[in-house]
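Raw contents of structure_27.cif, mmCIF, C-alpha atoms and all ligand atoms:
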data_upload
#
loop_
_atom_site.label_atom_id
_atom_site.label_comp_id
_atom_site.auth_asym_id
_atom_site.auth_seq_id
_atom_site.Cartn_x
_atom_site.Cartn_y
_atom_site.Cartn_z
CA MET B 1122 8.01 10.58 -7.62
CA ASP B 1123 8.97 7.50 -9.62
CA ILE B 1124 10.09 4.33 -7.88
CA LEU B 1125 12.74 2.24 -9.60
CA ILE B 1126 13.28 -1.27 -8.27
CA ASP B 1127 16.28 -2.84 -9.92
CA ASP B 1128 17.16 -6.53 -9.57
CA VAL B 1129 16.38 -6.73 -5.88
CA ARG B 1130 17.13 -9.78 -3.80
CA HIS B 1131 16.20 -10.11 -0.14
CA ALA B 1132 16.41 -13.04 2.27
CA TYR B 1133 15.70 -13.72 5.93
CA ASP B 1134 18.47 -16.14 6.94
CA ARG B 1135 18.12 -18.95 4.38
CA LEU B 1136 14.64 -18.01 3.23
CA ILE B 1137 14.98 -16.13 -0.05
CA VAL B 1138 11.91 -13.92 -0.23
CA LEU B 1139 12.57 -11.71 -3.27
CA ASN B 1140 14.87 -12.58 -6.14
CA SER B 1141 15.63 -10.72 -9.39
CA LEU B 1142 12.74 -8.39 -8.74
CA SER B 1143 12.67 -5.37 -11.04
CA LEU B 1144 9.79 -2.95 -11.36
CA ASP B 1145 9.33 0.69 -12.34
CA ILE B 1146 6.45 2.57 -10.81
CA PRO B 1147 5.71 5.81 -12.68
CA SER B 1148 5.16 9.06 -10.82
CA GLY B 1149 1.55 9.80 -9.88
CA GLU B 1150 0.20 6.32 -10.60
CA ILE B 1151 -1.58 3.92 -8.28
CA VAL B 1152 -0.11 0.46 -8.54
CA CYS B 1153 -1.68 -2.53 -6.82
CA ILE B 1154 0.56 -5.45 -5.91
CA LEU B 1155 -0.97 -8.91 -5.74
CA GLY B 1156 0.53 -12.35 -5.26
CA PRO B 1157 0.21 -15.56 -3.26
CA SER B 1158 0.16 -15.22 0.52
CA GLY B 1159 3.66 -15.17 1.97
CA CYS B 1160 5.35 -14.40 -1.36
CA GLY B 1161 6.97 -11.18 -0.09
CA LYS B 1162 4.54 -8.31 -0.73
CA SER B 1163 4.88 -6.71 2.71
CA THR B 1164 8.64 -7.22 2.53
CA LEU B 1165 8.69 -5.32 -0.76
CA LEU B 1166 6.73 -2.42 0.79
CA ARG B 1167 9.13 -2.26 3.76
CA LEU B 1168 12.06 -2.16 1.35
CA ILE B 1169 10.48 0.68 -0.66
CA ALA B 1170 9.81 2.54 2.60
CA GLY B 1171 13.46 2.16 3.56
CA LEU B 1172 12.54 0.24 6.74
CA GLU B 1173 14.78 -2.57 5.47
CA VAL B 1174 17.67 -2.58 3.01
CA PRO B 1175 17.81 -5.14 0.16
CA ASP B 1176 20.62 -7.71 0.25
CA SER B 1177 21.43 -6.77 -3.32
CA GLY B 1178 20.00 -4.65 -6.11
CA ARG B 1179 18.74 -1.11 -5.75
CA ILE B 1180 15.60 0.79 -4.92
CA LEU B 1181 15.67 4.39 -6.12
CA THR B 1182 13.15 7.18 -6.04
CA ARG B 1183 13.35 9.93 -8.60
CA GLY B 1184 11.67 13.30 -8.92
CA ASN B 1185 11.03 16.34 -6.79
CA PRO B 1186 8.40 16.26 -4.08
CA SER B 1187 6.30 19.38 -3.57
CA PRO B 1188 7.63 22.00 -1.11
CA ARG B 1189 4.85 20.96 1.31
CA THR B 1190 6.25 17.43 1.57
CA LEU B 1191 7.89 16.72 4.93
CA HIS B 1192 8.67 13.04 4.22
CA PRO B 1193 8.79 11.79 0.62
CA ILE B 1194 7.47 8.33 1.60
CA ALA B 1195 4.69 7.39 4.04
CA ILE B 1196 3.28 3.97 4.84
CA VAL B 1197 -0.08 2.79 6.14
CA PHE B 1198 0.43 -0.52 7.92
CA GLN B 1199 -2.02 -3.39 7.65
CA ASP B 1200 -3.04 -3.18 11.32
CA PHE B 1201 -2.83 0.68 11.16
CA ALA B 1202 -0.36 0.56 14.12
CA LEU B 1203 -2.22 3.26 16.09
CA VAL B 1204 -0.93 4.21 19.53
CA PRO B 1205 -3.80 3.30 21.90
CA TRP B 1206 -3.11 5.97 24.52
CA ARG B 1207 -3.07 8.81 22.02
CA SER B 1208 -6.20 10.41 20.61
CA VAL B 1209 -6.89 10.43 16.87
CA ALA B 1210 -5.37 13.92 16.52
CA LYS B 1211 -2.35 12.93 18.62
CA ASN B 1212 -1.81 9.82 16.46
CA VAL B 1213 -1.94 11.96 13.35
CA GLU B 1214 0.54 14.38 14.94
CA LEU B 1215 3.16 11.64 15.50
CA PRO B 1216 5.12 12.04 12.22
CA LEU B 1217 5.27 15.81 12.78
CA GLU B 1218 7.13 15.46 16.04
CA HIS B 1219 10.43 15.09 14.19
CA HIS B 1220 9.93 18.38 12.39
CA ALA B 1221 10.46 21.94 13.52
CA LEU B 1222 7.07 23.40 12.66
CA SER B 1223 5.24 26.33 14.18
CA ALA B 1224 2.33 25.36 16.43
CA GLN B 1225 0.04 26.93 13.86
CA GLU B 1226 1.43 24.93 10.93
CA ARG B 1227 1.28 21.75 13.03
CA GLN B 1228 -2.40 22.29 13.80
CA ARG B 1229 -3.15 23.23 10.19
CA ARG B 1230 -1.63 19.99 8.94
CA ILE B 1231 -3.39 17.82 11.51
CA TRP B 1232 -6.72 19.48 10.80
CA SER B 1233 -6.30 19.26 7.03
CA ALA B 1234 -5.40 15.54 7.21
CA LEU B 1235 -8.43 14.88 9.45
CA GLN B 1236 -10.65 16.77 7.04
CA GLN B 1237 -9.30 14.79 4.10
CA VAL B 1238 -10.38 11.52 5.75
CA LYS B 1239 -13.55 13.03 7.29
CA LEU B 1240 -12.55 12.45 10.91
CA THR B 1241 -12.60 15.95 12.41
CA GLU B 1242 -15.51 15.07 14.71
CA PHE B 1243 -13.47 12.26 16.22
CA ALA B 1244 -10.23 14.22 16.68
CA HIS B 1245 -10.28 13.70 20.44
CA ALA B 1246 -11.50 10.09 20.49
CA TYR B 1247 -9.16 7.24 21.42
CA PRO B 1248 -8.54 4.30 19.06
CA ASN B 1249 -10.51 1.80 21.17
CA ARG B 1250 -13.64 3.90 20.58
CA LEU B 1251 -13.29 3.81 16.78
CA SER B 1252 -14.75 1.44 14.20
CA GLY B 1253 -12.40 -0.47 11.87
CA GLY B 1254 -13.09 2.03 9.09
CA MET B 1255 -12.30 4.98 11.37
CA ARG B 1256 -9.03 3.35 12.49
CA GLN B 1257 -8.16 2.89 8.86
CA ARG B 1258 -8.92 6.57 8.21
CA THR B 1259 -6.72 7.56 11.17
CA GLY B 1260 -3.84 5.50 9.75
CA LEU B 1261 -4.36 7.17 6.40
CA ALA B 1262 -4.48 10.67 7.94
CA ARG B 1263 -1.24 9.96 9.79
CA ALA B 1264 0.39 9.15 6.45
CA LEU B 1265 -1.16 12.14 4.64
CA VAL B 1266 -0.13 14.66 7.29
CA VAL B 1267 3.40 14.82 5.85
CA ASP B 1268 2.09 15.36 2.28
CA PRO B 1269 3.99 12.33 0.98
CA ALA B 1270 5.03 12.05 -2.65
CA ILE B 1271 4.80 8.26 -2.31
CA LEU B 1272 2.09 6.56 -0.28
CA LEU B 1273 2.50 2.86 0.54
CA LEU B 1274 -0.51 0.89 1.77
CA ASP B 1275 -0.48 -2.69 3.06
CA GLU B 1276 -3.95 -4.23 2.62
CA PRO B 1277 -5.54 -1.04 3.92
CA PHE B 1278 -9.16 -2.02 3.29
CA SER B 1279 -9.03 -5.71 4.21
CA ALA B 1280 -10.40 -5.62 7.77
CA ILE B 1281 -13.51 -3.70 6.76
CA ASP B 1282 -16.99 -4.77 5.63
CA VAL B 1283 -17.72 -4.67 1.92
CA GLY B 1284 -19.98 -1.57 1.91
CA THR B 1285 -17.58 0.55 3.96
CA ARG B 1286 -14.68 -0.72 1.91
CA GLU B 1287 -16.25 0.56 -1.30
CA LEU B 1288 -16.79 3.98 0.28
CA LEU B 1289 -13.19 4.09 1.50
CA GLN B 1290 -11.92 3.07 -1.93
CA ARG B 1291 -13.89 5.90 -3.50
CA ASP B 1292 -12.59 8.35 -0.88
CA PHE B 1293 -9.08 7.09 -1.52
CA LEU B 1294 -9.41 7.87 -5.24
CA ARG B 1295 -10.70 11.34 -4.41
CA LEU B 1296 -7.65 11.92 -2.18
CA TRP B 1297 -5.42 10.77 -4.98
CA GLU B 1298 -7.12 13.14 -7.42
CA ASP B 1299 -6.30 16.05 -5.08
CA ALA B 1300 -2.77 15.09 -4.09
CA ARG B 1301 -1.54 12.98 -7.06
CA PHE B 1302 0.87 10.98 -4.94
CA THR B 1303 2.43 7.80 -6.30
CA GLY B 1304 0.48 5.00 -4.59
CA VAL B 1305 1.62 1.43 -4.00
CA CYS B 1306 -1.11 -0.70 -2.53
CA VAL B 1307 -0.71 -4.35 -1.54
CA THR B 1308 -4.01 -6.19 -1.67
CA HIS B 1309 -5.53 -9.67 -1.85
CA ASP B 1310 -8.71 -8.26 -3.28
CA VAL B 1311 -8.77 -8.64 -7.07
CA LEU B 1312 -11.94 -6.56 -7.40
CA GLU B 1313 -10.37 -3.77 -5.36
CA ALA B 1314 -7.27 -3.78 -7.56
CA THR B 1315 -9.40 -3.33 -10.70
CA GLN B 1316 -11.23 -0.45 -9.02
CA ILE B 1317 -8.34 1.64 -7.71
CA ALA B 1318 -5.23 0.83 -9.78
CA HIS B 1319 -3.76 2.28 -12.93
CA ARG B 1320 -1.54 -0.78 -13.08
CA ILE B 1321 -1.68 -4.18 -11.42
CA VAL B 1322 1.51 -6.07 -10.68
CA ILE B 1323 1.31 -9.77 -9.92
CA LEU B 1324 4.21 -11.30 -8.06
CA SER B 1325 5.20 -14.92 -8.46
CA ARG B 1326 5.38 -17.43 -5.64
CA ARG B 1327 8.39 -17.06 -3.34
CA PRO B 1328 11.12 -16.11 -4.11
CA ALA B 1329 9.00 -13.39 -5.68
CA ARG B 1330 9.75 -11.62 -8.89
CA VAL B 1331 7.35 -9.79 -11.17
CA ARG B 1332 5.19 -12.37 -12.93
CA THR B 1333 2.81 -10.13 -14.93
CA ILE B 1334 1.84 -6.47 -15.19
CA PHE B 1335 -1.61 -5.39 -16.36
CA GLU B 1336 -2.59 -1.86 -17.23
CA VAL B 1337 -6.18 -1.06 -16.31
CA ALA B 1338 -7.20 0.91 -19.37
CA VAL B 1339 -10.61 1.98 -18.10
CA PRO B 1340 -11.08 5.54 -16.74
CA PHE B 1341 -12.01 5.60 -13.03
CA ILE B 1342 -15.37 7.13 -13.79
CA ASP B 1343 -16.35 4.10 -15.92
CA ARG B 1344 -15.22 1.41 -13.48
CA ARG B 1345 -18.54 -0.25 -12.76
CA GLU B 1346 -18.13 -3.62 -11.06
CA ASP B 1347 -19.62 -5.43 -14.06
CA HIS B 1348 -17.57 -3.61 -16.70
CA PRO B 1349 -16.63 -6.41 -19.17
CA THR B 1350 -12.98 -5.33 -19.43
CA LEU B 1351 -12.64 -5.38 -15.65
CA VAL B 1352 -14.41 -8.71 -15.27
CA ALA B 1353 -12.11 -10.28 -17.88
CA LEU B 1354 -9.10 -8.77 -16.16
CA GLN B 1355 -10.20 -10.13 -12.78
CA GLN B 1356 -10.49 -13.62 -14.27
CA ALA B 1357 -7.03 -13.39 -15.81
CA ILE B 1358 -5.52 -12.24 -12.51
CA ARG B 1359 -7.22 -14.99 -10.49
CA GLU B 1360 -5.99 -17.57 -12.99
CA ILE B 1361 -2.36 -16.42 -12.72
CA ILE B 1362 -2.42 -16.33 -8.92
CA ARG B 1363 -3.99 -19.81 -8.86
CA GLU B 1364 -1.19 -21.09 -11.14
CA GLU B 1365 1.44 -19.62 -8.84
CA ILE B 1366 -0.15 -21.12 -5.72
CA GLU B 1367 -0.47 -24.55 -7.37
CA ALA B 1368 3.11 -24.48 -8.65
CA GLY B 1369 4.26 -23.51 -5.13
CA GLY B 1370 2.27 -26.43 -3.70
CA ARG B 1371 3.86 -28.88 -6.17
CA GLU B 1372 7.34 -27.63 -5.29
CA LEU B 1373 6.63 -28.22 -1.61
CA GLU B 1374 5.39 -31.77 -2.32
CA GLY B 1375 8.49 -32.45 -4.44
CA ALA B 1376 10.75 -31.25 -1.64
CA SER B 1377 9.15 -33.43 1.05
N1 LIG B 1401 11.25 -10.09 9.79
C1 LIG B 1401 11.18 -11.32 9.27
N2 LIG B 1401 12.01 -12.31 9.70
C2 LIG B 1401 11.96 -13.55 9.16
N3 LIG B 1401 11.12 -13.92 8.19
C3 LIG B 1401 10.27 -12.99 7.72
C4 LIG B 1401 10.25 -11.65 8.23
N4 LIG B 1401 9.31 -10.95 7.57
C5 LIG B 1401 8.77 -11.81 6.69
N5 LIG B 1401 9.33 -13.02 6.78
C6 LIG B 1401 9.02 -14.20 5.92
O1 LIG B 1401 9.15 -13.76 4.59
C7 LIG B 1401 8.13 -14.31 3.77
C8 LIG B 1401 7.39 -13.18 3.07
O2 LIG B 1401 6.68 -12.43 4.06
P1 LIG B 1401 5.77 -11.19 3.69
O3 LIG B 1401 5.15 -10.74 4.95
O4 LIG B 1401 6.55 -10.22 2.90
O5 LIG B 1401 4.70 -11.90 2.73
P2 LIG B 1401 3.33 -11.32 2.13
O6 LIG B 1401 3.36 -11.57 0.68
O7 LIG B 1401 3.12 -9.94 2.61
O8 LIG B 1401 2.27 -12.32 2.81
P3 LIG B 1401 0.70 -12.04 3.15
O9 LIG B 1401 0.01 -12.04 1.81
O10 LIG B 1401 0.32 -13.26 3.93
O11 LIG B 1401 0.61 -10.77 3.91
C9 LIG B 1401 7.26 -15.16 4.69
O12 LIG B 1401 7.66 -16.51 4.57
C10 LIG B 1401 7.58 -14.64 6.08
O13 LIG B 1401 7.48 -15.66 7.04
MG MG B 1402 1.70 -9.05 3.89
#

Translate this file's structure into structure tokens.
Ligand SMILES: Nc1ncnc2c1ncn2[C@@H]1O[C@H](COP(=O)(O)OP(=O)(O)OP(=O)(O)O)[C@@H](O)[C@H]1O
Ligand SMILES: [Mg+2]
Amino acid sequence: MDILIDDVRHAYDRLIVLNSLSLDIPSGEIVCILGPSGCGKSTLLRLIAGLEVPDSGRILTRGNPSPRTLHPIAIVFQDFALVPWRSVAKNVELPLEHHALSAQERQRRIWSALQQVKLTEFAHAYPNRLSGGMRQRTGLARALVVDPAILLLDEPFSAIDVGTRELLQRDFLRLWEDARFTGVCVTHDVLEATQIAHRIVILSRRPARVRTIFEVAVPFIDRREDHPTLVALQQAIREIIREEIEAGGRELEGAS
């Protein structure tokens, strides 16, 4: 499904977080969202997920999800938000509890989601027995279990060591190749963005709007870390984010 974000403004009391933010996310693409800390990235994800409603402007989704889709939009939270007293399988089952499914279909979905993230062996483990990477996979399985058309991820690979992160990123791309969901991934990791995104959106300092959009015109199979196009793109992205952070700093100094 496409996501159309049209002139969105959102504030918390007097703090204007997003202003004049417009962005179209094409169906079946992975878009990474970057921007200075605190600029409103998580807020934007919550708005797309429908967990909050924008003060003005519109967020529309367009297109037909597959018949298997139970919820069009699923979100993986930054801290994975697992329920500690439920096993991995029971955490993954949570979004199914609102749906009238046969016991067989419920089990099939849970098992398929666990297989997709390679966690079947740990189905009966509790979150406190899992590594960071396994918790991340559980959060991802819980989102995948509804076969979402749109998958939102808030810094999903940030709390994980570099080696595991690269594996998870590769697994994530394999999942996308199977399911072809529209993915929106907030990240601070410029290298990660150039590995997993079709398109990279950089938000400005707060109040955030879209500052720049880059297309990553390198096929996934060719995305070596030292690919010259990707290295140049990473430099350009870092430069823009640095500019936004510095301009934000100057505004703060001017105001004090
Ligand atoms: N529920 C809320 N109530 C009040 N203020 C909020 C709320 N959620 C976010 N904010 C404020 O809105 C601004 C944007 O927050 P948000 O979490 O969207 O930023 P972010 O870009 O995701 O930051 P980070 O990169 O650090 O995760 C921050 O100043 C934050 O303090
Ligand atoms: Mg955030």

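Shortest atom-to-atom contact with Glu1276 of chain B among B:Val1129, B:Leu1155, B:Leu1172, B:Leu1240: B:Leu1155, counting only C-alpha atoms.
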
Across B:Val1197, B:Ala1376, B:Ile1151, B:Leu1125, the smallest distance to Leu1294 of chain B, with all atoms listed in the file counted, is shown by B:Ile1151

Counting all atoms listed in the file, give me one row per residue of chain B with an atom at most 7 Å from an atom of ligand LIG 1401 (chain B), showing the shortest contact pair and its distance in Å to one decimal, sorted by chain then residue number, as a Markdown table.
| residue | atom | partner | partner_atom | distance |
| --- | --- | --- | --- | --- |
| B:Tyr1133 | CA | B:LIG1401 | C2 | 4.9 |
| B:Val1138 | CA | B:LIG1401 | C7 | 5.5 |
| B:Gly1156 | CA | B:LIG1401 | O6 | 6.6 |
| B:Pro1157 | CA | B:LIG1401 | O9 | 6.2 |
| B:Ser1158 | CA | B:LIG1401 | O9 | 3.4 |
| B:Gly1159 | CA | B:LIG1401 | O8 | 3.3 |
| B:Cys1160 | CA | B:LIG1401 | O6 | 4.0 |
| B:Gly1161 | CA | B:LIG1401 | O4 | 3.2 |
| B:Lys1162 | CA | B:LIG1401 | O6 | 3.7 |
| B:Ser1163 | CA | B:LIG1401 | O7 | 3.7 |
| B:Thr1164 | CA | B:LIG1401 | O4 | 3.7 |
| B:Leu1165 | CA | B:LIG1401 | O4 | 6.5 |

Within 9 Å of Phe1243 of chain B, counting all atoms listed in the file, which residues show up once you throw out same-chain ones fewer than 3 positions away? Write them as a list in words, please. Ser1208, Val1209, Ala1210, Leu1235, Lys1239, Leu1240, Ala1246, Tyr1247, Leu1251 and Met1255 of chain B

So which one's closest to ligand MG 1402 (chain B), B:Asp1145, B:Asp1200, B:Asp1176, B:Asp1127? Using all atoms listed in the file, please. B:Asp1200

Name the closest residue to Ile1323 of chain B among the candidates B:Leu1222, B:Ile1361, B:Ala1338, B:Ala1132; distances are taken between atoms, counting all atoms listed in the file. B:Ile1361

Mind listing whatever residues come within 12 Å of the point (9.8, -2.5, 2.7)? Use only C-alpha atoms, file coordinates, and give them as number ranges by chain. B: 1126, 1129, 1131, 1138-1139, 1161-1175, 1180, 1194-1198, 1273-1275, 1305, 1307

Working from the structure I just supplied, which lacks atoms in segment 1211-1237 of chain B, can you model N, CA and C atoms there and output them as a tab-separated table (two decimals), in the coordinates of the input?
chain	number	residue	atom	x	y	z
B	1211	LYS	N	-3.72	13.14	18.13
B	1211	LYS	CA	-2.35	12.93	18.62
B	1211	LYS	C	-1.64	11.82	17.83
B	1212	ASN	N	-2.40	10.83	17.35
B	1212	ASN	CA	-1.81	9.82	16.46
B	1212	ASN	C	-1.38	10.45	15.16
B	1213	VAL	N	-2.24	11.32	14.64
B	1213	VAL	CA	-1.94	11.96	13.35
B	1213	VAL	C	-0.74	12.90	13.49
B	1214	GLU	N	-0.56	13.44	14.69
B	1214	GLU	CA	0.54	14.38	14.94
B	1214	GLU	C	1.91	13.67	14.98
B	1215	LEU	N	1.90	12.35	15.26
B	1215	LEU	CA	3.16	11.64	15.50
B	1215	LEU	C	4.27	11.94	14.48
B	1216	PRO	N	4.01	11.82	13.16
B	1216	PRO	CA	5.12	12.04	12.22
B	1216	PRO	C	5.62	13.48	12.19
B	1217	LEU	N	4.84	14.40	12.78
B	1217	LEU	CA	5.27	15.81	12.78
B	1217	LEU	C	6.24	16.12	13.91
B	1218	GLU	N	6.32	15.16	14.86
B	1218	GLU	CA	7.13	15.46	16.04
B	1218	GLU	C	8.62	15.57	15.72
B	1219	HIS	N	9.00	15.00	14.56
B	1219	HIS	CA	10.43	15.09	14.19
B	1219	HIS	C	10.72	16.36	13.41
B	1220	HIS	N	9.74	17.22	13.25
B	1220	HIS	CA	9.93	18.38	12.39
B	1220	HIS	C	9.74	19.67	13.18
B	1221	ALA	N	10.58	20.64	12.86
B	1221	ALA	CA	10.46	21.94	13.52
B	1221	ALA	C	9.39	22.74	12.80
B	1222	LEU	N	8.17	22.66	13.28
B	1222	LEU	CA	7.07	23.40	12.66
B	1222	LEU	C	6.50	24.36	13.70
B	1223	SER	N	5.94	25.46	13.24
B	1223	SER	CA	5.24	26.33	14.18
B	1223	SER	C	4.00	25.60	14.69
B	1224	ALA	N	3.53	25.99	15.87
B	1224	ALA	CA	2.33	25.36	16.43
B	1224	ALA	C	1.16	25.51	15.46
B	1225	GLN	N	1.14	26.66	14.79
B	1225	GLN	CA	0.04	26.93	13.86
B	1225	GLN	C	0.08	25.98	12.65
B	1226	GLU	N	1.27	25.81	12.10
B	1226	GLU	CA	1.43	24.93	10.93
B	1226	GLU	C	1.13	23.48	11.33
B	1227	ARG	N	1.55	23.10	12.54
B	1227	ARG	CA	1.28	21.75	13.03
B	1227	ARG	C	-0.23	21.50	13.08
B	1228	GLN	N	-0.94	22.44	13.68
B	1228	GLN	CA	-2.40	22.29	13.80
B	1228	GLN	C	-3.06	22.31	12.43
B	1229	ARG	N	-2.56	23.15	11.53
B	1229	ARG	CA	-3.15	23.23	10.19
B	1229	ARG	C	-3.02	21.88	9.48
B	1230	ARG	N	-1.85	21.28	9.60
B	1230	ARG	CA	-1.63	19.99	8.94
B	1230	ARG	C	-2.51	18.90	9.53
B	1231	ILE	N	-2.58	18.86	10.86
B	1231	ILE	CA	-3.39	17.82	11.51
B	1231	ILE	C	-4.85	17.98	11.08
B	1232	TRP	N	-5.32	19.22	11.12
B	1232	TRP	CA	-6.72	19.48	10.80
B	1232	TRP	C	-7.01	19.16	9.34
B	1233	SER	N	-6.10	19.53	8.46
B	1233	SER	CA	-6.30	19.26	7.03
B	1233	SER	C	-6.32	17.75	6.77
B	1234	ALA	N	-5.42	17.00	7.41
B	1234	ALA	CA	-5.40	15.54	7.21
B	1234	ALA	C	-6.70	14.93	7.73
B	1235	LEU	N	-7.18	15.42	8.90
B	1235	LEU	CA	-8.43	14.88	9.45
B	1235	LEU	C	-9.62	15.21	8.55
B	1236	GLN	N	-9.58	16.40	7.97
B	1236	GLN	CA	-10.65	16.77	7.04
B	1236	GLN	C	-10.62	15.87	5.80
B	1237	GLN	N	-9.42	15.62	5.31
B	1237	GLN	CA	-9.30	14.79	4.10
B	1237	GLN	C	-9.94	13.42	4.30
